[in-house]
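A.B. asks: Handing you this structure, nothing more for now.
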Amino acid sequence: MAAMYPRGDYMHTNTIDANGMALPILGQGGWFMGDSPGKAGTEAQALRTGVALGLTLIDTAEIYGNGRSEALVGRAVRELPRESFQLVSKVHPENAGRQHIFQSCAASLKRLQTDYLDLYLLHWRGNVPLRETVACMEELVAQGKIRRWGVSNFDVEDMQELLETPGGENCAVDQVLYHLGSRGIEYALLPLLAARGIGVMAYCPLAQAGAVSRTGRGLLRHPLLTQTAAGYGATAAQLLLAFLWRRPGVMAIPKAASLEHVRENAAARELRISEEDWARLDAAFPPPDRRVPLDVE
């Protein structure tokens, strides 16, 4: 893969403003990490390498491997200066009320071997009233256990209710599935979040590492993607990441469990795509012209 990209006129910055919180445009996902003891060393090394390359945000959740992902992340970064990276974890909806959230947060902090989370997200909408969850999140901020909080898998109606909840205006991000083959959020959700300054954290930005998308297309194998990427000395995966940075306020958290993949992801930040090539990709993968259900897998 070429180290430099010879042409292209699209420019971006390396950070986004998530409701007053600076986040890198590219982080690291922890989904499925820690599940295989034989891969733990490589996964931990990949996370550390990512931080060294500027992929300083690491995302995980209490339900990922029943805490194994958090534990692996904690082991991976425990020797690094705490200010050199940002940790994001997520609370299960059943634990998002006053009865359990403080214990859940404490358990996540213990597994991650840290005193605080940079971001704590409600993993998806559950039965606990948003008013209660938001109040608890604000208490965790006041206690110094978390710096900021946000949500995940919230669609338009959920976000509207959240923003009408006392304290809801402090939400920093909405973590949702978003990639070139799944652009549903562009119709209504993305404009709503942009208007309120709330960041978008895109999970599965590589379409589950090339899995077939809703529209029936295997993105990493799609001829237009591979051919377009090749014209820049890049890979289809790097092109998929660059797609997300066309819009301010959007960042991505791809999983990279090997040194090769984390370096490939990091290099994608230098990719500049021409508007002519984006137009061809938009024609092949058009944005929605109506509301569609939020993709979650």
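Residue numbers start at 1 in each chain; chains themselves are named A, B, ... in the order of the structure tokens; ligands are numbered from 1 in the order shown.
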Which residues, written as a list in words, have at least one atom at most 8 Å from range 254-264 of chain A, with only C-alpha atoms counted and residues fewer than 6 positions away on the same chain left out?
C.D. replies: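 Residues near the query, excluding close chain neighbours: Leu26, Gly27, Gln28, Gly29, Gly30, Trp31, Met33, Thr42, Glu43, Gln45, Ala46, Leu47, Thr49, Gly50, Leu53, Tyr203, Cys204, Pro205, Leu206 and Gln238 of chain A.
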A.B. asks: Pull N, CA, C and O atoms from the residues just selected and write them as a compact mmCIF listing (two decimals), in the first residue's frame.
C.D. replies:
# COMPACT_ATOMS: atom_id res chain seq x y z
N LEU A 26 -10.88 9.24 14.36
CA LEU A 26 -10.69 7.79 14.27
C LEU A 26 -10.28 7.24 15.62
O LEU A 26 -9.28 7.67 16.21
N GLY A 27 -11.07 6.29 16.13
CA GLY A 27 -10.75 5.61 17.36
C GLY A 27 -10.60 4.13 17.13
O GLY A 27 -10.35 3.67 16.00
N GLN A 28 -10.79 3.34 18.19
CA GLN A 28 -10.64 1.89 18.10
C GLN A 28 -11.81 1.22 18.81
O GLN A 28 -12.16 1.60 19.94
N GLY A 29 -12.40 0.23 18.16
CA GLY A 29 -13.50 -0.51 18.74
C GLY A 29 -13.03 -1.74 19.49
O GLY A 29 -12.05 -2.39 19.10
N GLY A 30 -13.75 -2.08 20.56
CA GLY A 30 -13.36 -3.24 21.37
C GLY A 30 -14.34 -4.39 21.32
O GLY A 30 -14.22 -5.34 22.09
N TRP A 31 -15.32 -4.33 20.39
CA TRP A 31 -16.30 -5.40 20.27
C TRP A 31 -15.61 -6.71 19.89
O TRP A 31 -14.80 -6.74 18.96
N MET A 33 -13.25 -8.17 21.32
CA MET A 33 -11.89 -8.29 21.84
C MET A 33 -11.92 -8.92 23.23
O MET A 33 -12.81 -8.65 24.02
N THR A 42 -1.93 -10.14 21.01
CA THR A 42 -1.94 -9.39 19.75
C THR A 42 -2.94 -8.25 19.81
O THR A 42 -2.67 -7.14 19.33
N GLU A 43 -4.13 -8.51 20.38
CA GLU A 43 -5.15 -7.47 20.48
C GLU A 43 -4.67 -6.31 21.35
O GLU A 43 -4.87 -5.14 21.00
N GLN A 45 -1.57 -5.43 21.94
CA GLN A 45 -0.51 -4.73 21.22
C GLN A 45 -1.10 -3.83 20.15
O GLN A 45 -0.62 -2.71 19.92
N ALA A 46 -2.15 -4.30 19.47
CA ALA A 46 -2.80 -3.49 18.44
C ALA A 46 -3.40 -2.22 19.05
O ALA A 46 -3.30 -1.13 18.47
N LEU A 47 -4.02 -2.35 20.21
CA LEU A 47 -4.60 -1.17 20.87
C LEU A 47 -3.52 -0.16 21.24
O LEU A 47 -3.68 1.04 21.03
N THR A 49 -0.57 0.17 19.87
CA THR A 49 -0.04 0.74 18.64
C THR A 49 -0.99 1.79 18.09
O THR A 49 -0.56 2.85 17.62
N GLY A 50 -2.28 1.52 18.17
CA GLY A 50 -3.26 2.50 17.72
C GLY A 50 -3.14 3.81 18.47
O GLY A 50 -3.18 4.89 17.87
N LEU A 53 -0.34 5.77 17.28
CA LEU A 53 -0.57 6.33 15.95
C LEU A 53 -1.65 7.42 15.95
O LEU A 53 -2.01 7.93 14.89
N TYR A 203 -20.20 3.08 14.58
CA TYR A 203 -19.67 1.73 14.79
C TYR A 203 -19.93 0.89 13.56
O TYR A 203 -20.76 1.22 12.72
N CYS A 204 -19.17 -0.19 13.42
CA CYS A 204 -19.18 -1.02 12.22
C CYS A 204 -18.97 -0.18 10.96
O CYS A 204 -19.68 -0.36 9.96
N PRO A 205 -18.00 0.75 10.96
CA PRO A 205 -17.82 1.61 9.78
C PRO A 205 -17.32 0.85 8.57
O PRO A 205 -17.40 1.37 7.45
N LEU A 206 -16.81 -0.36 8.77
CA LEU A 206 -16.36 -1.19 7.66
C LEU A 206 -17.38 -2.26 7.31
O LEU A 206 -17.06 -3.26 6.69
N GLN A 238 -10.00 1.68 3.75
CA GLN A 238 -9.62 3.07 3.98
C GLN A 238 -10.62 4.02 3.32
O GLN A 238 -10.93 5.09 3.86
A.B. asks: Which polymer residues have any atom within 9 Å of an atom of Asp295 in chain A, counting only C-alpha atoms, with same-chain residues fewer than 2 positions away left out, as JSON, numbers by chain?
C.D. replies: {"A": [153, 176, 177, 178, 182, 184, 185, 214, 292, 293, 297]}
A.B. asks: I need the chosen residues saved as a PDB file, in the first residue's frame, with N, CA and C atoms.
C.D. replies:
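This is the output file part30.pdb:
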ATOM      1  N   ASN A 153     -27.371   3.917  19.729  1.00  0.00           N
ATOM      2  CA  ASN A 153     -28.543   3.343  19.065  1.00  0.00           C
ATOM      3  C   ASN A 153     -29.820   4.147  19.329  1.00  0.00           C
ATOM      4  N   VAL A 176     -23.927   5.132  16.658  1.00  0.00           N
ATOM      5  CA  VAL A 176     -24.861   4.417  15.791  1.00  0.00           C
ATOM      6  C   VAL A 176     -24.098   3.705  14.684  1.00  0.00           C
ATOM      7  N   LEU A 177     -24.752   2.708  14.099  1.00  0.00           N
ATOM      8  CA  LEU A 177     -24.186   2.035  12.932  1.00  0.00           C
ATOM      9  C   LEU A 177     -24.286   2.976  11.737  1.00  0.00           C
ATOM     10  N   TYR A 178     -23.159   3.168  11.064  1.00  0.00           N
ATOM     11  CA  TYR A 178     -23.135   4.090   9.924  1.00  0.00           C
ATOM     12  C   TYR A 178     -21.963   3.733   9.035  1.00  0.00           C
ATOM     13  N   SER A 182     -24.996   1.866   4.589  1.00  0.00           N
ATOM     14  CA  SER A 182     -26.092   2.069   5.542  1.00  0.00           C
ATOM     15  C   SER A 182     -26.131   3.548   5.902  1.00  0.00           C
ATOM     16  N   GLY A 184     -28.936   5.500   6.382  1.00  0.00           N
ATOM     17  CA  GLY A 184     -30.249   5.940   6.834  1.00  0.00           C
ATOM     18  C   GLY A 184     -30.227   7.133   7.760  1.00  0.00           C
ATOM     19  N   ILE A 185     -29.168   7.271   8.571  1.00  0.00           N
ATOM     20  CA  ILE A 185     -29.142   8.375   9.539  1.00  0.00           C
ATOM     21  C   ILE A 185     -29.031   9.737   8.860  1.00  0.00           C
ATOM     22  N   ARG A 214     -27.305  -4.247   4.248  1.00  0.00           N
ATOM     23  CA  ARG A 214     -28.754  -4.346   4.067  1.00  0.00           C
ATOM     24  C   ARG A 214     -29.132  -4.401   2.596  1.00  0.00           C
ATOM     25  N   VAL A 292     -35.847   5.708   7.191  1.00  0.00           N
ATOM     26  CA  VAL A 292     -35.738   4.249   7.245  1.00  0.00           C
ATOM     27  C   VAL A 292     -35.386   3.867   8.671  1.00  0.00           C
ATOM     28  N   PRO A 293     -35.685   2.630   9.082  1.00  0.00           N
ATOM     29  CA  PRO A 293     -35.357   2.211  10.454  1.00  0.00           C
ATOM     30  C   PRO A 293     -33.859   2.304  10.709  1.00  0.00           C
ATOM     31  N   GLU A 297     -27.230  -3.625  13.349  1.00  0.00           N
ATOM     32  CA  GLU A 297     -26.286  -4.749  13.219  1.00  0.00           C
ATOM     33  C   GLU A 297     -25.971  -4.987  11.766  1.00  0.00           C
TER      34      GLU A 297
END
A.B. asks: Which residues are near Arg290 in chain A? Cut-off 12 Å, only C-alpha atoms, ignore same chain within fewer than 5 positions. Put them as a PyMOL selection string.
C.D. replies: chain A and resi 183-189
A.B. asks: Go ahead and save the picked residues with all heavy atoms, as a PDB file, in the first residue's frame.
C.D. replies:
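Result written to selection-v3.pdb:
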ATOM      1  N   ARG A 183     -26.849   4.324   5.103  1.00  0.00           N
ATOM      2  CA  ARG A 183     -26.833   5.779   5.211  1.00  0.00           C
ATOM      3  C   ARG A 183     -28.146   6.340   5.743  1.00  0.00           C
ATOM      4  O   ARG A 183     -28.427   7.530   5.596  1.00  0.00           O
ATOM      5  CB  ARG A 183     -26.514   6.386   3.836  1.00  0.00           C
ATOM      6  CG  ARG A 183     -25.188   5.929   3.272  1.00  0.00           C
ATOM      7  CD  ARG A 183     -24.878   6.513   1.904  1.00  0.00           C
ATOM      8  NE  ARG A 183     -24.704   7.960   1.950  1.00  0.00           N
ATOM      9  CZ  ARG A 183     -24.312   8.682   0.890  1.00  0.00           C
ATOM     10  NH1 ARG A 183     -24.066   8.088  -0.275  1.00  0.00           N
ATOM     11  NH2 ARG A 183     -24.190   9.996   1.001  1.00  0.00           N
ATOM     12  N   GLY A 184     -28.936   5.500   6.382  1.00  0.00           N
ATOM     13  CA  GLY A 184     -30.249   5.940   6.834  1.00  0.00           C
ATOM     14  C   GLY A 184     -30.227   7.133   7.760  1.00  0.00           C
ATOM     15  O   GLY A 184     -31.148   7.954   7.758  1.00  0.00           O
ATOM     16  N   ILE A 185     -29.168   7.271   8.571  1.00  0.00           N
ATOM     17  CA  ILE A 185     -29.142   8.375   9.539  1.00  0.00           C
ATOM     18  C   ILE A 185     -29.031   9.737   8.860  1.00  0.00           C
ATOM     19  O   ILE A 185     -29.304  10.769   9.482  1.00  0.00           O
ATOM     20  CB  ILE A 185     -28.005   8.214  10.561  1.00  0.00           C
ATOM     21  CG1 ILE A 185     -26.635   8.436   9.921  1.00  0.00           C
ATOM     22  CG2 ILE A 185     -28.076   6.871  11.256  1.00  0.00           C
ATOM     23  CD1 ILE A 185     -25.516   8.583  10.922  1.00  0.00           C
ATOM     24  N   GLU A 186     -28.653   9.746   7.589  1.00  0.00           N
ATOM     25  CA  GLU A 186     -28.453  11.017   6.908  1.00  0.00           C
ATOM     26  C   GLU A 186     -29.755  11.768   6.656  1.00  0.00           C
ATOM     27  O   GLU A 186     -29.740  12.991   6.469  1.00  0.00           O
ATOM     28  CB  GLU A 186     -27.711  10.799   5.584  1.00  0.00           C
ATOM     29  CG  GLU A 186     -26.284  10.313   5.756  1.00  0.00           C
ATOM     30  CD  GLU A 186     -25.577  10.094   4.426  1.00  0.00           C
ATOM     31  OE1 GLU A 186     -25.986  10.717   3.422  1.00  0.00           O
ATOM     32  OE2 GLU A 186     -24.631   9.275   4.390  1.00  0.00           O
ATOM     33  N   TYR A 187     -30.871  11.063   6.652  1.00  0.00           N
ATOM     34  CA  TYR A 187     -32.138  11.721   6.309  1.00  0.00           C
ATOM     35  C   TYR A 187     -32.647  12.619   7.432  1.00  0.00           C
ATOM     36  O   TYR A 187     -33.023  13.769   7.180  1.00  0.00           O
ATOM     37  CB  TYR A 187     -33.195  10.674   5.954  1.00  0.00           C
ATOM     38  CG  TYR A 187     -34.464  11.294   5.412  1.00  0.00           C
ATOM     39  CD1 TYR A 187     -34.547  11.683   4.083  1.00  0.00           C
ATOM     40  CD2 TYR A 187     -35.572  11.496   6.237  1.00  0.00           C
ATOM     41  CE1 TYR A 187     -35.703  12.267   3.577  1.00  0.00           C
ATOM     42  CE2 TYR A 187     -36.726  12.078   5.741  1.00  0.00           C
ATOM     43  CZ  TYR A 187     -36.792  12.456   4.409  1.00  0.00           C
ATOM     44  OH  TYR A 187     -37.934  13.048   3.921  1.00  0.00           O
ATOM     45  N   ALA A 188     -32.670  12.128   8.657  1.00  0.00           N
ATOM     46  CA  ALA A 188     -33.242  12.926   9.748  1.00  0.00           C
ATOM     47  C   ALA A 188     -32.359  12.961  10.993  1.00  0.00           C
ATOM     48  O   ALA A 188     -32.236  14.006  11.635  1.00  0.00           O
ATOM     49  CB  ALA A 188     -34.629  12.386  10.115  1.00  0.00           C
ATOM     50  N   LEU A 189     -31.761  11.821  11.355  1.00  0.00           N
ATOM     51  CA  LEU A 189     -31.000  11.768  12.599  1.00  0.00           C
ATOM     52  C   LEU A 189     -29.737  12.618  12.533  1.00  0.00           C
ATOM     53  O   LEU A 189     -29.458  13.406  13.448  1.00  0.00           O
ATOM     54  CB  LEU A 189     -30.645  10.323  12.942  1.00  0.00           C
ATOM     55  CG  LEU A 189     -29.862  10.123  14.244  1.00  0.00           C
ATOM     56  CD1 LEU A 189     -30.643  10.649  15.445  1.00  0.00           C
ATOM     57  CD2 LEU A 189     -29.503   8.647  14.441  1.00  0.00           C
TER      58      LEU A 189
END
A.B. asks: Write out as a PyMOL selection string the residues lying within 9 Å of Gly74 in chain A, counting only C-alpha atoms and excluding same-chain residues fewer than 3 positions away.
C.D. replies: chain A and resi 69-71+77-78+109-114
A.B. asks: Determine which residues of range 36-157 of chain A DSSP labels as strand (DSSP E or B) from the backbone of this structure, then write them out as a list in words.
C.D. replies: Leu57, Ile58, Asp59, Gln86, Leu87, Val88, Ser89, Lys90, Val91, Leu117, Asp118, Leu119, Tyr120, Leu121, Leu122, Ile146, Arg147, Arg148, Trp149, Gly150, Val151 and Ser152 of chain A
A.B. asks: So that I have them on file, write out the residues from the current selection with N, CA, C and O atoms, as a short mmCIF file (atom, residue, chain, number, x, y, z; two decimals), in the first residue's frame.
C.D. replies:
data_model
loop_
_atom_site.label_atom_id
_atom_site.label_comp_id
_atom_site.auth_asym_id
_atom_site.auth_seq_id
_atom_site.Cartn_x
_atom_site.Cartn_y
_atom_site.Cartn_z
N LEU A 57 -8.86 7.12 21.11
CA LEU A 57 -10.13 6.78 21.76
C LEU A 57 -10.38 5.29 21.60
O LEU A 57 -10.31 4.76 20.48
N ILE A 58 -10.67 4.61 22.71
CA ILE A 58 -10.95 3.17 22.69
C ILE A 58 -12.35 2.95 23.25
O ILE A 58 -12.67 3.38 24.36
N ASP A 59 -13.17 2.26 22.48
CA ASP A 59 -14.56 2.01 22.85
C ASP A 59 -14.75 0.57 23.29
O ASP A 59 -14.24 -0.36 22.65
N GLN A 86 -8.40 8.16 25.51
CA GLN A 86 -9.77 8.34 26.01
C GLN A 86 -10.46 6.98 26.04
O GLN A 86 -10.39 6.22 25.08
N LEU A 87 -11.14 6.70 27.15
CA LEU A 87 -11.86 5.44 27.31
C LEU A 87 -13.36 5.69 27.26
O LEU A 87 -13.88 6.59 27.93
N VAL A 88 -14.03 4.87 26.47
CA VAL A 88 -15.48 4.91 26.34
C VAL A 88 -16.03 3.55 26.72
O VAL A 88 -15.56 2.53 26.21
N SER A 89 -17.01 3.51 27.61
CA SER A 89 -17.71 2.26 27.88
C SER A 89 -19.21 2.53 27.90
O SER A 89 -19.65 3.68 27.89
N LYS A 90 -19.96 1.43 27.94
CA LYS A 90 -21.41 1.54 27.83
C LYS A 90 -22.09 0.72 28.92
O LYS A 90 -21.66 -0.40 29.22
N VAL A 91 -23.16 1.27 29.45
CA VAL A 91 -23.94 0.60 30.47
C VAL A 91 -25.12 -0.11 29.82
O VAL A 91 -25.78 0.45 28.93
N LEU A 117 -13.92 7.38 33.34
CA LEU A 117 -14.20 7.19 31.92
C LEU A 117 -14.30 8.56 31.27
O LEU A 117 -14.85 9.50 31.85
N ASP A 118 -13.81 8.66 30.06
CA ASP A 118 -13.98 9.90 29.32
C ASP A 118 -15.40 10.03 28.80
O ASP A 118 -15.94 11.14 28.73
N LEU A 119 -16.00 8.91 28.44
CA LEU A 119 -17.38 8.88 27.98
C LEU A 119 -18.06 7.63 28.50
O LEU A 119 -17.48 6.54 28.48
N TYR A 120 -19.30 7.79 28.96
CA TYR A 120 -20.11 6.66 29.42
C TYR A 120 -21.43 6.74 28.67
O TYR A 120 -22.12 7.76 28.72
N LEU A 121 -21.76 5.68 27.95
CA LEU A 121 -22.92 5.69 27.07
C LEU A 121 -24.00 4.73 27.55
O LEU A 121 -23.70 3.64 28.05
N LEU A 122 -25.25 5.12 27.37
CA LEU A 122 -26.37 4.19 27.50
C LEU A 122 -26.39 3.35 26.23
O LEU A 122 -26.56 3.87 25.12
N ILE A 146 -16.96 9.92 35.55
CA ILE A 146 -16.98 10.05 34.10
C ILE A 146 -16.79 11.52 33.75
O ILE A 146 -17.17 12.40 34.53
N ARG A 147 -16.21 11.78 32.58
CA ARG A 147 -16.03 13.15 32.13
C ARG A 147 -17.29 13.64 31.42
O ARG A 147 -17.76 14.75 31.66
N ARG A 148 -17.81 12.81 30.52
CA ARG A 148 -19.02 13.16 29.77
C ARG A 148 -19.84 11.89 29.55
O ARG A 148 -19.37 10.77 29.78
N TRP A 149 -21.06 12.05 29.09
CA TRP A 149 -21.91 10.89 28.83
C TRP A 149 -22.61 11.06 27.48
O TRP A 149 -22.64 12.15 26.90
N GLY A 150 -23.14 9.96 26.99
CA GLY A 150 -23.86 9.98 25.73
C GLY A 150 -24.76 8.77 25.62
O GLY A 150 -25.04 8.08 26.61
N VAL A 151 -25.20 8.49 24.41
CA VAL A 151 -26.12 7.39 24.16
C VAL A 151 -25.65 6.59 22.95
O VAL A 151 -24.74 7.00 22.23
N SER A 152 -26.30 5.47 22.72
CA SER A 152 -26.00 4.62 21.58
C SER A 152 -27.30 4.04 21.05
O SER A 152 -28.23 3.76 21.81
#
A.B. asks: Skipping near chain neighbours, those fewer than 4 positions away, what residues fall within 10 Å of Ala268 in chain A using only C-alpha atoms, listed as a list in words?
C.D. replies: Ala3, Tyr5, Leu26, Ala234, Thr235, Ala237, Gln238, Leu239, Leu240, Leu241, Ala242, Arg263, Glu264 and Arg272 of chain A
A.B. asks: Could you save the residues just selected, with all heavy atoms, as a tab-separated table (two decimals), in the first residue's frame?
C.D. replies:
chain	number	residue	atom	x	y	z
A	3	ALA	N	2.28	4.89	0.71
A	3	ALA	CA	2.26	5.70	1.92
A	3	ALA	C	1.60	7.06	1.68
A	3	ALA	O	1.08	7.67	2.59
A	3	ALA	CB	3.68	5.90	2.44
A	5	TYR	N	-0.96	9.59	-0.91
A	5	TYR	CA	-2.09	9.51	-1.81
A	5	TYR	C	-1.96	10.64	-2.82
A	5	TYR	O	-1.97	11.82	-2.47
A	5	TYR	CB	-3.39	9.60	-1.02
A	5	TYR	CG	-3.45	8.52	0.03
A	5	TYR	CD1	-3.18	8.80	1.35
A	5	TYR	CD2	-3.73	7.21	-0.33
A	5	TYR	CE1	-3.19	7.81	2.31
A	5	TYR	CE2	-3.75	6.21	0.63
A	5	TYR	CZ	-3.49	6.51	1.94
A	5	TYR	OH	-3.50	5.53	2.89
A	26	LEU	N	-10.88	9.24	14.36
A	26	LEU	CA	-10.69	7.79	14.27
A	26	LEU	C	-10.28	7.24	15.62
A	26	LEU	O	-9.28	7.67	16.21
A	26	LEU	CB	-9.62	7.46	13.23
A	26	LEU	CG	-9.41	5.98	12.91
A	26	LEU	CD1	-10.69	5.36	12.34
A	26	LEU	CD2	-8.26	5.80	11.93
A	234	ALA	N	-4.79	3.14	-2.13
A	234	ALA	CA	-5.41	2.83	-0.84
A	234	ALA	C	-6.21	1.55	-0.94
A	234	ALA	O	-6.28	0.90	-1.99
A	234	ALA	CB	-6.31	4.00	-0.41
A	235	THR	N	-6.84	1.16	0.17
A	235	THR	CA	-7.69	-0.02	0.23
A	235	THR	C	-9.15	0.39	0.32
A	235	THR	O	-9.47	1.53	0.68
A	235	THR	CB	-7.34	-0.89	1.44
A	235	THR	OG1	-7.67	-0.16	2.64
A	235	THR	CG2	-5.86	-1.25	1.45
A	237	ALA	N	-11.19	-0.56	2.56
A	237	ALA	CA	-11.47	-0.25	3.96
A	237	ALA	C	-11.12	1.20	4.27
A	237	ALA	O	-11.86	1.90	4.97
A	237	ALA	CB	-10.68	-1.19	4.87
A	238	GLN	N	-10.00	1.68	3.75
A	238	GLN	CA	-9.62	3.07	3.98
A	238	GLN	C	-10.62	4.02	3.32
A	238	GLN	O	-10.93	5.09	3.86
A	238	GLN	CB	-8.20	3.32	3.45
A	238	GLN	CG	-7.14	2.62	4.28
A	238	GLN	CD	-5.77	2.73	3.68
A	238	GLN	OE1	-5.60	2.63	2.46
A	238	GLN	NE2	-4.76	2.92	4.51
A	239	LEU	N	-11.11	3.65	2.16
A	239	LEU	CA	-12.11	4.48	1.48
A	239	LEU	C	-13.40	4.55	2.29
A	239	LEU	O	-14.03	5.61	2.39
A	239	LEU	CB	-12.38	3.92	0.09
A	239	LEU	CG	-13.31	4.72	-0.82
A	239	LEU	CD1	-12.77	6.12	-1.06
A	239	LEU	CD2	-13.49	4.00	-2.16
A	240	LEU	N	-13.80	3.43	2.89
A	240	LEU	CA	-15.00	3.43	3.73
A	240	LEU	C	-14.83	4.35	4.94
A	240	LEU	O	-15.78	5.02	5.34
A	240	LEU	CB	-15.32	2.00	4.19
A	240	LEU	CG	-15.93	1.08	3.15
A	240	LEU	CD1	-16.03	-0.34	3.69
A	240	LEU	CD2	-17.30	1.57	2.71
A	241	LEU	N	-13.65	4.38	5.51
A	241	LEU	CA	-13.42	5.28	6.63
A	241	LEU	C	-13.45	6.74	6.16
A	241	LEU	O	-14.04	7.60	6.81
A	241	LEU	CB	-12.08	4.97	7.29
A	241	LEU	CG	-12.01	3.65	8.06
A	241	LEU	CD1	-10.60	3.38	8.56
A	241	LEU	CD2	-12.99	3.64	9.23
A	242	ALA	N	-12.83	7.02	5.03
A	242	ALA	CA	-12.81	8.38	4.52
A	242	ALA	C	-14.22	8.90	4.23
A	242	ALA	O	-14.49	10.10	4.36
A	242	ALA	CB	-11.95	8.45	3.25
A	263	ARG	N	-2.62	-0.15	11.53
A	263	ARG	CA	-1.81	0.77	10.73
A	263	ARG	C	-2.55	1.18	9.46
A	263	ARG	O	-2.47	2.34	9.03
A	263	ARG	CB	-0.47	0.12	10.39
A	263	ARG	CG	0.46	0.01	11.60
A	263	ARG	CD	1.66	-0.86	11.32
A	263	ARG	NE	2.56	-0.92	12.48
A	263	ARG	CZ	3.31	-1.96	12.78
A	263	ARG	NH1	3.30	-3.05	12.01
A	263	ARG	NH2	4.09	-1.93	13.85
A	264	GLU	N	-3.26	0.24	8.87
A	264	GLU	CA	-4.07	0.56	7.69
A	264	GLU	C	-5.14	1.59	8.04
A	264	GLU	O	-5.36	2.56	7.31
A	264	GLU	CB	-4.72	-0.71	7.15
A	264	GLU	CG	-5.61	-0.49	5.94
A	264	GLU	CD	-6.29	-1.78	5.48
A	264	GLU	OE1	-5.88	-2.86	5.93
A	264	GLU	OE2	-7.22	-1.68	4.67
A	272	ARG	N	-7.37	11.61	0.66
A	272	ARG	CA	-8.17	12.72	0.15
A	272	ARG	C	-8.83	12.27	-1.14
A	272	ARG	O	-8.14	11.92	-2.10
A	272	ARG	CB	-7.30	13.96	-0.10
A	272	ARG	CG	-6.47	14.41	1.11
A	272	ARG	CD	-7.36	14.94	2.23
A	272	ARG	NE	-6.56	15.53	3.30
A	272	ARG	CZ	-6.23	14.90	4.42
A	272	ARG	NH1	-6.60	13.63	4.59
A	272	ARG	NH2	-5.53	15.50	5.35
A.B. asks: In Å, with one decimal, what is the gap from CA of Glu164 in chain A to CA of Arg125 in chain A?
C.D. replies: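 Here the two named atoms are 15.5 Å from each other.
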A.B. asks: Please identify the helix (DSSP H, G or I) residues within range 107-277 of chain A (assignment by DSSP from backbone atoms) and present them as a PyMOL selection string.
C.D. replies: chain A and resi 107-112+130-143+156-163+168-170+184-186+189-195+207-210+219-221+223-230+236-244+259-270+275-277
